[in-house]
$ cat entry.csv   # CSV, C-alpha atoms
chain,number,residue,atom,x,y,z
B,23,MET,CA,0.0,0.0,0.0
B,24,VAL,CA,1.6,3.2,-1.2
B,25,ALA,CA,0.8,6.5,0.5
B,26,PRO,CA,0.4,9.6,-1.7
B,27,SER,CA,3.5,11.8,-1.8
B,28,LEU,CA,3.6,15.6,-1.5
B,29,SER,CA,5.3,18.1,-3.7
B,30,GLN,CA,4.6,21.3,-1.7
B,31,THR,CA,8.1,22.6,-1.2
B,32,GLU,CA,7.4,25.0,1.7
B,33,LEU,CA,5.6,22.4,3.8
B,34,ARG,CA,8.3,19.8,3.1
B,35,ASN,CA,11.0,22.4,4.2
B,36,LEU,CA,9.1,23.2,7.3
B,37,LEU,CA,8.7,19.5,8.4
B,38,GLU,CA,12.3,18.8,7.5
B,39,SER,CA,13.4,21.7,9.7
B,40,VAL,CA,11.4,20.3,12.5
B,41,ALA,CA,12.9,16.8,12.1
B,42,GLY,CA,16.3,18.4,11.8
B,43,THR,CA,16.2,19.5,15.5
B,44,ILE,CA,16.2,16.0,16.8
B,45,ASP,CA,19.9,15.4,16.5
B,46,GLU,CA,20.7,18.7,18.2
B,47,THR,CA,18.2,18.4,21.1
B,48,LEU,CA,18.7,14.7,21.9
B,49,SER,CA,22.4,14.0,21.3
B,50,SER,CA,23.6,15.9,24.4
B,51,LEU,CA,20.9,14.2,26.6
B,52,VAL,CA,21.8,10.6,25.7
B,53,GLY,CA,25.5,11.1,25.3
B,54,LYS,CA,25.6,9.7,21.8
B,55,ASP,CA,25.9,11.3,18.4
B,56,ILE,CA,22.4,11.2,16.7
B,57,LYS,CA,22.2,11.8,13.0
B,58,VAL,CA,18.9,12.5,11.3
B,59,THR,CA,18.4,12.4,7.5
B,60,CYS,CA,15.0,13.3,6.1
B,61,LYS,CA,13.7,11.0,3.4
B,62,ASP,CA,10.3,11.9,2.2
B,63,VAL,CA,6.9,13.5,3.0
B,64,THR,CA,3.8,11.5,2.3
B,65,ALA,CA,0.1,11.8,3.2
B,66,PRO,CA,-1.1,8.3,4.4
B,67,MET,CA,-4.2,7.3,6.1
B,68,PRO,CA,-3.4,5.9,9.6
B,69,ALA,CA,-4.0,2.3,8.4
B,70,GLU,CA,-1.4,2.9,5.6
B,71,LEU,CA,1.1,4.2,8.1
B,72,LEU,CA,0.6,1.3,10.4
B,73,ALA,CA,0.9,-1.2,7.5
B,74,ASP,CA,4.3,0.4,6.6
B,75,LEU,CA,5.8,-0.2,10.1
B,76,LYS,CA,8.5,-2.8,10.3
B,77,GLY,CA,8.1,-3.3,14.0
B,78,ASN,CA,6.8,-1.7,17.2
B,79,CYS,CA,7.2,2.1,17.6
B,80,ALA,CA,7.2,4.3,20.6
B,81,VAL,CA,5.0,7.4,20.0
B,82,ALA,CA,5.5,10.8,21.6
B,83,ARG,CA,2.4,12.9,21.2
B,84,GLY,CA,2.6,16.6,21.5
B,85,ALA,CA,-0.4,18.9,22.1
B,86,MET,CA,-0.6,22.1,20.0
B,87,ASP,CA,-2.1,25.3,21.4
B,88,LYS,CA,-2.9,28.9,20.4
B,89,ASP,CA,-4.4,28.8,16.9
B,90,TYR,CA,-4.0,25.1,16.8
B,91,ALA,CA,-5.5,24.1,20.1
B,92,ASP,CA,-6.8,20.5,20.2
B,93,ARG,CA,-4.4,19.4,17.4
B,94,SER,CA,-1.6,16.9,17.9
B,95,MET,CA,1.9,16.4,16.5
B,96,LEU,CA,3.3,12.9,16.7
B,97,ALA,CA,6.9,11.6,16.8
B,98,LEU,CA,7.4,7.9,16.1
B,99,PHE,CA,10.6,6.1,16.8
B,100,GLU,CA,11.4,2.4,16.2
B,101,MET,CA,11.2,0.7,19.6
B,102,PRO,CA,14.9,-0.4,19.8
B,103,ASP,CA,16.1,3.2,19.4
B,104,ALA,CA,13.4,4.5,21.8
B,105,ILE,CA,14.6,1.9,24.4
B,106,ALA,CA,18.2,2.8,23.8
B,107,MET,CA,17.7,6.6,24.1
B,108,ALA,CA,15.7,6.2,27.3
B,109,GLY,CA,18.3,3.9,28.8
B,110,LEU,CA,21.2,6.1,27.9
B,111,LEU,CA,19.3,9.1,29.5
B,112,MET,CA,19.1,7.1,32.7
B,113,MET,CA,22.9,6.3,32.4
B,114,THR,CA,22.1,2.6,32.1
B,115,PRO,CA,25.2,0.5,31.3
B,116,GLU,CA,25.6,0.0,27.5
B,117,ASP,CA,25.6,-3.8,27.7
B,118,VAL,CA,22.2,-3.6,29.5
B,119,VAL,CA,20.9,-1.2,26.9
B,120,ALA,CA,22.0,-3.5,24.1
B,121,LYS,CA,20.1,-6.3,25.7
B,122,ARG,CA,17.0,-4.2,26.3
B,123,ARG,CA,16.9,-3.1,22.7
B,124,GLU,CA,15.7,-6.6,21.8
B,125,GLY,CA,12.4,-5.8,23.7
B,126,SER,CA,9.1,-4.9,22.1
B,127,GLU,CA,8.1,-2.0,24.5
B,128,LEU,CA,9.4,0.5,27.1
B,129,GLU,CA,9.5,-0.9,30.6
B,130,GLY,CA,10.3,0.3,34.1
B,131,GLU,CA,12.3,3.5,34.4
B,132,ASP,CA,12.6,3.7,30.6
B,133,VAL,CA,8.9,4.7,30.4
B,134,GLU,CA,9.5,7.9,32.4
B,135,ALA,CA,12.8,8.5,30.7
B,136,PHE,CA,11.1,8.5,27.3
B,137,GLY,CA,8.6,11.0,28.5
B,138,GLU,CA,11.5,13.3,29.5
B,139,LEU,CA,13.0,12.9,26.0
B,140,GLY,CA,9.6,13.9,24.6
B,141,ASN,CA,9.6,17.1,26.7
B,142,VAL,CA,13.0,18.1,25.2
B,143,LEU,CA,12.0,16.9,21.7
B,144,PHE,CA,8.9,19.0,21.5
B,145,SER,CA,10.7,22.0,22.9
B,146,GLY,CA,13.0,21.9,19.9
B,147,PHE,CA,10.0,21.4,17.6
B,148,SER,CA,8.3,24.4,19.2
B,149,ASN,CA,11.3,26.7,18.5
B,150,VAL,CA,11.0,26.0,14.8
B,151,LEU,CA,7.2,26.4,14.7
B,152,ARG,CA,7.2,29.7,16.6
B,153,GLU,CA,9.6,31.1,14.1
B,154,LYS,CA,7.8,29.9,11.0
B,155,ILE,CA,4.1,29.6,11.9
B,156,GLN,CA,2.1,32.4,13.4
B,157,ASN,CA,0.4,31.6,16.8
B,158,CYS,CA,1.6,28.0,16.9
B,159,ASP,CA,3.3,26.1,19.8
B,160,VAL,CA,3.6,22.5,20.9
B,161,ARG,CA,4.4,20.7,24.1
B,162,MET,CA,4.7,17.1,25.2
B,163,HIS,CA,1.4,15.6,26.1
B,164,ASP,CA,1.7,11.8,26.5
B,165,HIS,CA,3.3,8.8,24.8
B,166,GLY,CA,2.4,5.2,23.9
B,167,LYS,CA,3.0,2.5,21.4
B,168,VAL,CA,1.9,1.4,18.0
B,169,GLU,CA,2.5,-1.9,16.2
B,170,PRO,CA,2.3,-3.0,12.6
B,171,ASN,CA,-1.4,-2.7,11.7
B,172,LYS,CA,-2.3,-2.0,15.3
B,173,ASP,CA,-3.0,1.2,17.3
B,174,GLU,CA,-4.8,0.1,20.4
B,175,ASP,CA,-4.8,3.5,22.0
B,176,GLY,CA,-5.9,5.4,18.9
B,177,LEU,CA,-2.8,7.6,18.9
B,178,LEU,CA,-2.9,8.2,15.2
B,179,GLY,CA,-6.6,9.0,15.0
B,180,ASP,CA,-8.8,8.3,12.0
B,181,ALA,CA,-8.1,11.1,9.6
B,182,ARG,CA,-5.4,11.4,6.9
B,183,LEU,CA,-2.0,12.4,8.1
B,184,VAL,CA,1.0,14.2,6.6
B,185,VAL,CA,4.2,12.3,7.6
B,186,CYS,CA,7.8,13.3,7.3
B,187,SER,CA,10.0,10.2,7.4
B,188,PHE,CA,13.6,10.3,8.3
B,189,GLU,CA,16.5,7.9,8.8
B,190,MET,CA,18.0,8.1,12.4
B,191,LYS,CA,21.2,6.7,13.6
B,192,VAL,CA,22.0,6.6,17.3
B,193,GLY,CA,25.7,6.2,18.0
B,194,ASP,CA,26.9,2.9,16.6
B,195,TYR,CA,23.4,1.2,16.6
B,196,PRO,CA,21.9,0.3,13.2
B,197,PRO,CA,20.0,3.0,11.5
B,198,SER,CA,16.2,3.1,11.9
B,199,THR,CA,13.2,5.0,10.4
B,200,GLY,CA,11.5,7.7,12.4
B,201,ARG,CA,8.5,9.8,11.6
B,202,ILE,CA,6.9,13.1,12.4
B,203,ALA,CA,3.1,13.3,11.7
B,204,ILE,CA,0.5,16.0,11.8
B,205,ASP,CA,-3.2,15.9,10.7
B,206,PHE,CA,-3.9,16.8,7.1
B,207,GLU,CA,-6.0,19.9,8.0
B,208,THR,CA,-3.2,21.4,10.0
B,209,ALA,CA,-0.8,20.6,7.1
B,210,GLU,CA,-3.0,22.5,4.7
B,211,LYS,CA,-3.0,25.5,7.0
B,212,TRP,CA,0.8,25.4,7.3
B,213,ASN,CA,1.0,25.0,3.5
B,214,GLY,CA,-1.1,28.2,3.0
B,215,GLY,CA,-3.6,26.4,0.9
B,216,PRO,CA,-4.9,23.0,-0.4
B,217,ILE,CA,-2.5,20.2,-0.7
B,218,GLU,CA,-2.5,18.3,-4.0
B,219,LEU,CA,-1.7,14.6,-3.7
B,220,SER,CA,0.4,13.1,-6.6
B,221,GLU,CA,-1.6,10.8,-8.9
B,222,ASP,CA,1.3,8.4,-9.5
B,223,ALA,CA,1.6,7.7,-5.8
B,224,GLY,CA,-2.0,6.9,-5.2
B,225,GLY,CA,-3.5,10.4,-5.0
B,226,SER,CA,-6.6,11.3,-6.9
B,227,PRO,CA,-6.3,12.4,-10.5
B,228,PRO,CA,-7.3,16.0,-11.2
B,229,ALA,CA,-10.6,16.7,-12.7
B,230,PRO,CA,-10.5,17.3,-16.5
B,231,ASP,CA,-10.3,20.9,-17.5
B,232,ASP,CA,-12.4,22.7,-20.1
B,233,ALA,CA,-9.5,22.6,-22.6
B,234,ALA,CA,-9.3,18.8,-22.4
B,235,LEU,CA,-13.1,18.6,-22.9
B,236,ALA,CA,-12.9,20.8,-25.9
B,237,HIS,CA,-10.5,18.3,-27.6
B,238,GLY,CA,-13.0,15.5,-27.2
B,239,ASP,CA,-12.2,14.2,-23.7
B,240,ASP,CA,-15.8,14.8,-22.5
B,241,ASP,CA,-16.6,11.5,-20.7
B,242,GLY,CA,-19.8,11.2,-22.8
B,243,LEU,CA,-20.9,14.7,-21.9
B,244,THR,CA,-22.2,15.6,-25.4
B,245,THR,CA,-24.4,12.5,-25.5
B,246,ILE,CA,-26.6,13.9,-22.6
B,247,PRO,CA,-29.3,16.4,-23.6
B,248,LYS,CA,-28.5,19.8,-22.1
B,249,ALA,CA,-31.4,21.0,-19.9
B,250,PRO,CA,-32.1,24.7,-19.3
B,251,ILE,CA,-30.4,26.0,-16.2
B,252,ARG,CA,-32.7,25.9,-13.2
B,253,GLY,CA,-30.3,26.4,-10.3
B,254,THR,CA,-26.8,26.2,-9.0
B,255,LEU,CA,-24.8,23.3,-7.6
B,256,ALA,CA,-21.7,24.1,-5.5
B,257,ALA,CA,-19.3,21.2,-5.5
B,258,PHE,CA,-16.8,20.7,-2.6
B,259,LEU,CA,-14.9,17.7,-3.8
B,260,VAL,CA,-11.8,15.7,-2.8
B,261,LEU,CA,-11.7,13.3,-5.7
B,262,GLY,CA,-11.6,14.2,-9.4
B,263,ASP,CA,-13.8,11.3,-10.5
B,264,VAL,CA,-16.8,12.8,-8.7
B,265,TYR,CA,-16.4,16.0,-10.7
B,266,ARG,CA,-16.7,14.0,-14.0
B,267,LEU,CA,-19.8,12.4,-12.7
B,268,LEU,CA,-21.3,15.8,-11.7
B,269,ARG,CA,-20.7,17.4,-15.1
B,270,ARG,CA,-22.9,14.8,-16.7
B,271,SER,CA,-25.6,14.9,-14.0
B,272,CYS,CA,-25.7,18.7,-13.9
B,273,ARG,CA,-26.1,18.9,-17.7
B,274,ARG,CA,-29.0,16.5,-17.6
B,275,VAL,CA,-30.8,18.2,-14.7
B,276,GLY,CA,-30.1,21.8,-15.6
B,277,LEU,CA,-27.7,23.0,-12.9
B,278,GLU,CA,-24.8,25.4,-13.2
B,279,LEU,CA,-21.8,23.6,-11.7
B,280,ASN,CA,-19.5,25.7,-9.5
B,281,ARG,CA,-16.4,23.8,-8.4
B,282,HIS,CA,-14.6,25.0,-5.2
B,283,GLY,CA,-11.1,24.4,-4.0
B,284,ARG,CA,-10.5,21.3,-2.0
B,285,GLY,CA,-9.5,23.2,1.1
B,286,GLU,CA,-12.6,25.5,1.1
B,287,ILE,CA,-15.3,25.2,3.7
B,288,PRO,CA,-18.9,26.0,2.5
B,289,ASN,CA,-20.1,29.4,3.6
B,290,PRO,CA,-23.8,29.2,4.4
B,291,ALA,CA,-24.4,32.8,3.3
B,292,ALA,CA,-23.0,32.1,-0.1
B,293,HIS,CA,-25.2,29.1,-0.9
B,294,ARG,CA,-28.8,30.1,-0.1
B,295,HIS,CA,-31.3,28.6,-2.6
B,296,GLN,CA,-28.5,26.4,-4.0
B,297,ILE,CA,-27.5,22.7,-3.8
B,298,VAL,CA,-24.2,22.0,-2.1
B,299,LEU,CA,-22.6,18.6,-2.9
B,300,MET,CA,-19.6,17.2,-1.0
B,301,ASP,CA,-17.9,13.9,-1.2
B,302,VAL,CA,-16.7,12.2,2.0
B,303,PRO,CA,-13.8,9.8,1.6
B,304,PRO,CA,-12.4,8.0,4.6
B,305,GLY,CA,-10.6,10.4,6.9
B,306,GLU,CA,-12.7,13.4,5.8
B,307,ASP,CA,-15.5,13.0,8.3
B,308,ARG,CA,-15.2,16.7,9.3
B,309,ARG,CA,-17.3,17.2,6.2
B,310,PHE,CA,-20.3,15.8,8.1
B,311,ASP,CA,-19.9,18.8,10.4
B,312,TRP,CA,-19.8,21.1,7.4
B,313,CYS,CA,-23.1,19.7,6.3
B,314,ARG,CA,-24.7,20.2,9.7
B,315,ARG,CA,-23.5,23.8,9.9
B,316,LEU,CA,-25.0,24.5,6.4
B,317,LYS,CA,-28.4,23.1,7.4
B,318,GLU,CA,-28.4,24.9,10.7
B,319,LEU,CA,-27.5,28.3,9.2
B,320,SER,CA,-29.3,28.2,5.8
B,321,GLU,CA,-32.7,26.6,5.6
B,322,THR,CA,-32.9,27.1,1.8
B,323,THR,CA,-29.6,25.2,1.1
B,324,LYS,CA,-30.0,21.6,0.0
B,325,VAL,CA,-27.0,19.4,0.8
B,326,VAL,CA,-26.0,16.2,-0.9
B,327,VAL,CA,-23.4,13.9,0.6
B,328,LEU,CA,-21.6,11.3,-1.4
B,329,ILE,CA,-20.0,8.7,1.0
B,330,HIS,CA,-17.0,6.8,-0.3
B,331,HIS,CA,-17.0,3.2,1.1
B,332,PRO,CA,-20.3,3.7,3.0
B,333,SER,CA,-20.9,1.9,6.2
B,334,ARG,CA,-23.9,1.9,8.6
B,335,GLN,CA,-22.0,4.2,10.9
B,336,ARG,CA,-21.0,6.7,8.2
B,337,VAL,CA,-24.5,6.8,6.7
B,338,THR,CA,-25.9,7.4,10.2
B,339,GLN,CA,-23.4,10.3,10.5
B,340,ALA,CA,-24.7,11.8,7.3
B,341,PHE,CA,-28.3,11.4,8.5
B,342,LEU,CA,-27.6,13.1,11.8
B,343,SER,CA,-25.9,15.9,9.9
B,344,LYS,CA,-29.3,16.6,8.3
B,345,ALA,CA,-28.2,16.0,4.7
B,346,ASP,CA,-31.1,16.2,2.2
B,347,ALA,CA,-29.7,13.4,0.1
B,348,ILE,CA,-27.2,10.6,0.9
B,349,LEU,CA,-25.6,8.4,-1.7
B,350,GLY,CA,-22.9,5.8,-1.7
B,351,TYR,CA,-20.0,6.3,-4.1
B,352,PRO,CA,-19.4,5.2,-6.7
B,353,CYS,CA,-23.0,5.6,-8.0
B,354,GLU,CA,-24.8,5.7,-11.3
B,355,GLU,CA,-25.1,9.1,-13.0
B,356,GLN,CA,-28.9,8.6,-13.5
B,357,HIS,CA,-29.4,7.7,-9.8
B,358,LEU,CA,-27.6,10.9,-8.8
B,359,SER,CA,-29.6,12.9,-11.4
B,360,GLN,CA,-32.9,11.6,-9.9
B,361,LYS,CA,-31.8,12.9,-6.5
B,362,LEU,CA,-30.8,16.3,-7.8
B,363,GLU,CA,-34.0,16.6,-9.9
B,364,ALA,CA,-36.0,16.2,-6.7
B,365,LEU,CA,-33.9,18.8,-4.9
B,366,VAL,CA,-34.1,21.3,-7.7
B,367,ALA,CA,-37.9,21.1,-7.6
B,368,ASP,CA,-37.8,21.9,-3.9
B,369,LEU,CA,-35.4,24.8,-4.1
B,370,GLY,CA,-38.3,27.3,-4.3
B,371,PRO,CA,-38.6,30.3,-6.6
B,372,ALA,CA,-35.3,31.3,-8.1
B,373,SER,CA,-34.3,34.8,-6.9
B,374,GLU,CA,-31.8,37.1,-8.5
B,375,PRO,CA,-28.6,36.1,-6.7
B,376,ALA,CA,-26.8,38.8,-4.8
B,377,PRO,CA,-23.0,39.0,-5.0
B,378,THR,CA,-22.0,36.0,-2.9
B,379,PRO,CA,-19.1,36.0,-0.4
B,380,ALA,CA,-16.3,33.7,-1.1
B,381,ALA,CA,-16.3,30.3,0.6
B,382,GLU,CA,-14.3,30.2,3.8
B,383,PRO,CA,-10.8,28.7,3.3
B,384,THR,CA,-9.3,26.4,5.8
B,385,SER,CA,-6.1,28.4,5.5
B,386,GLY,CA,-4.5,31.0,3.3
B,387,ASP,CA,-5.5,31.4,-0.4
B,388,THR,CA,-7.4,28.6,-2.0
B,389,ALA,CA,-8.2,27.8,-5.6
B,390,PRO,CA,-10.8,30.2,-7.0
B,391,GLU,CA,-14.3,29.1,-7.7
B,392,ASP,CA,-14.4,27.4,-11.1
B,393,LYS,CA,-17.7,27.9,-12.9
B,394,ASP,CA,-18.6,25.3,-15.4
B,395,GLU,CA,-20.6,27.0,-18.2
B,396,ASP,CA,-20.9,23.9,-20.4
B,397,ASN,CA,-23.1,21.7,-18.3

$ encode --input "entry.csv" --output "structure tokens"
Amino acid sequence: MVAPSLSQTELRNLLESVAGTIDETLSSLVGKDIKVTCKDVTAPMPAELLADLKGNCAVARGAMDKDYADRSMLALFEMPDAIAMAGLLMMTPEDVVAKRREGSELEGEDVEAFGELGNVLFSGFSNVLREKIQNCDVRMHDHGKVEPNKDEDGLLGDARLVVCSFEMKVGDYPPSTGRIAIDFETAEKWNGGPIELSEDAGGSPPAPDDAALAHGDDDGLTTIPKAPIRGTLAAFLVLGDVYRLLRRSCRRVGLELNRHGRGEIPNPAAHRHQIVLMDVPPGEDRRFDWCRRLKELSETTKVVVLIHHPSRQRVTQAFLSKADAILGYPCEEQHLSQKLEALVADLGPASEPAPTPAAEPTSGDTAPEDKDEDN
């Protein structure tokens, strides 16, 4: 299972700067030279990260505050190195440390020692973040353990992560792989806008642009009768395949399709008497909260939720968020069109739209609204 990779230079540089503090902050504590070499930055789901582990890892979890309150930053170390650093901090004889390195978890005094290492570790991280990110700080919160394909304590959460992997060498011990992880939403804020996942590494392909469609790559669009425009559909999408489906459906039903940036949050004031459609892949359950907020603040907005890999629990979440229509994805275009047809009929009299405020970005500048005039 390959996690999508990232090409955002600024975000990569920031995370690599954070990882680069490890050797400086921990070497003097453990009395060994620690070398850290950053390898790559990816955006895995927690299950993908766990599947990639070669063995047990100790996890130090830092709590962010200020503008990032309730967010976490994680540092993962392969268990042999975590045990070694904790033992060296406690001035344990090296022959004893070498034997303990064969263990699968921190024990005894090493548990407390690893916590102390975490305090110093996140102090170094915080120095970098305060310099580069406005109103951001992080401190050690707690620590635990993850295993290949297993996270009993839920340390990694359920949402997509952004992970900076690095090779670490403690003294003469064999090199290991460490990781620093933050949640995807925080990463987008630090990036100053939406993060695009590379298609060749498992990310979603971009939606086709109008130029491509003009050259015949229309996904069968021209075979669908073009209905008169009767309303507007605002699309807040993660995956490009959904956009292709929407083009066909909106053409059939008679909806002007407005595509918004991946990192934008729907603004209730901007979508009165409109249909808002959002897809919800695994790890994007915050979109159920977006739906609930839209319905609470704009009675005339109709919301459609497309759930990737639907389950009883996720369908229940969509129902509790007061979505007007809930579909599993992938779905047939005509099935979606039937749902949209019913919602268009219930939109009420079309009123002359006032200038609408821009959708609320999660951070920084986001992609401008893309109006599709050829539905």

$ residues_around --input "entry.csv" --residues "range 256-260 of chain B" --least-positions-apart "6" --cutoff "6 Å" --atoms "all atoms listed in the file" --output "PyMOL selection string"
chain B and resi 280-282+284+298-301

$ closest_atom_pairs --input "entry.csv" --of "range 57-174 of chain B" --to "range 190-211 of chain B" --cutoff "7 Å" --atoms "all atoms listed in the file" --output "tab-separated table"
residue	atom	partner	partner_atom	distance
B:Lys57	CA	B:Lys191	CA	5.2
B:Val58	CA	B:Met190	CA	4.6
B:Thr59	CA	B:Met190	CA	6.5
B:Ser94	CA	B:Ile204	CA	6.5
B:Met95	CA	B:Ile204	CA	4.9
B:Leu96	CA	B:Ala203	CA	5.0
B:Ala97	CA	B:Ile202	CA	4.6
B:Leu98	CA	B:Arg201	CA	5.0
B:Phe99	CA	B:Gly200	CA	4.8
B:Glu100	CA	B:Ser198	CA	6.5

$ closest_residue --input "entry.csv" --among "B:Asp368, B:Asp132, B:Asp307, B:Asp173" --to "Ala69 in chain B" --atoms "all atoms listed in the file"
B:Asp173

$ residues_around --input "entry.csv" --residues "Gly253 in chain B" --least-positions-apart "6" --cutoff "7 Å" --atoms "all atoms listed in the file" --output "list of chain:residue names"
B:Leu277, B:Glu278, B:Gln296, B:Val366

$ write_last_selection --input "entry.csv" --atoms "C-alpha atoms" --output "PDB file, keeping the file's coordinate frame"
ATOM      1  CA  LEU B 277     -27.700  23.000 -12.900  1.00  0.00           C
ATOM      2  CA  GLU B 278     -24.800  25.400 -13.200  1.00  0.00           C
ATOM      3  CA  GLN B 296     -28.500  26.400  -4.000  1.00  0.00           C
ATOM      4  CA  VAL B 366     -34.100  21.300  -7.700  1.00  0.00           C
TER       5      VAL B 366
END

$ residues_around --input "entry.csv" --residues "range 273-276 of chain B" --least-positions-apart "5" --cutoff "10 Å" --atoms "all atoms listed in the file" --output "ChimeraX atom specification"
/B:243-255,268,355-356,358-364,366,395-397

$ write_last_selection --input "entry.csv" --atoms "C-alpha atoms" --output "JSON list (two decimals), in the coordinates of the input"
[["chain", "number", "residue", "atom", "x", "y", "z"],
["B", 243, "LEU", "CA", -20.90, 14.70, -21.90],
["B", 244, "THR", "CA", -22.20, 15.60, -25.40],
["B", 245, "THR", "CA", -24.40, 12.50, -25.50],
["B", 246, "ILE", "CA", -26.60, 13.90, -22.60],
["B", 247, "PRO", "CA", -29.30, 16.40, -23.60],
["B", 248, "LYS", "CA", -28.50, 19.80, -22.10],
["B", 249, "ALA", "CA", -31.40, 21.00, -19.90],
["B", 250, "PRO", "CA", -32.10, 24.70, -19.30],
["B", 251, "ILE", "CA", -30.40, 26.00, -16.20],
["B", 252, "ARG", "CA", -32.70, 25.90, -13.20],
["B", 253, "GLY", "CA", -30.30, 26.40, -10.30],
["B", 254, "THR", "CA", -26.80, 26.20, -9.00],
["B", 255, "LEU", "CA", -24.80, 23.30, -7.60],
["B", 268, "LEU", "CA", -21.30, 15.80, -11.70],
["B", 355, "GLU", "CA", -25.10, 9.10, -13.00],
["B", 356, "GLN", "CA", -28.90, 8.60, -13.50],
["B", 358, "LEU", "CA", -27.60, 10.90, -8.80],
["B", 359, "SER", "CA", -29.60, 12.90, -11.40],
["B", 360, "GLN", "CA", -32.90, 11.60, -9.90],
["B", 361, "LYS", "CA", -31.80, 12.90, -6.50],
["B", 362, "LEU", "CA", -30.80, 16.30, -7.80],
["B", 363, "GLU", "CA", -34.00, 16.60, -9.90],
["B", 364, "ALA", "CA", -36.00, 16.20, -6.70],
["B", 366, "VAL", "CA", -34.10, 21.30, -7.70],
["B", 395, "GLU", "CA", -20.60, 27.00, -18.20],
["B", 396, "ASP", "CA", -20.90, 23.90, -20.40],
["B", 397, "ASN", "CA", -23.10, 21.70, -18.30]]

$ atom_distance --input "entry.csv" --atom1 "CA of Leu178 in chain B" --atom2 "CA of Arg83 in chain B"
9.3 Å

$ closest_residue --input "entry.csv" --among "B:Arg123, B:Gly53, B:Lys88, B:Ala65" --to "Leu111 in chain B" --atoms "all atoms listed in the file"
B:Gly53

$ residues_around --input "entry.csv" --residues "range 34-42 of chain B" --least-positions-apart "3" --cutoff "10 Å" --atoms "only C-alpha atoms" --output "ChimeraX atom specification"
/B:28-31,45-47,57-64,97,143-144,146-151,154-155,184-188,200-204,209,212-213

$ closest_residue --input "entry.csv" --among "B:Gly350, B:Gly305, B:Pro332, B:Gly215" --to "Glu286 in chain B" --atoms "all atoms listed in the file"
B:Gly215

$ atom_distance --input "entry.csv" --atom1 "CA of Ser126 in chain B" --atom2 "CA of Asp175 in chain B"
16.2 Å

$ closest_residue --input "entry.csv" --among "B:Glu321, B:Asp103, B:Asp74, B:Asp87" --to "Val119 in chain B" --atoms "all atoms listed in the file"
B:Asp103
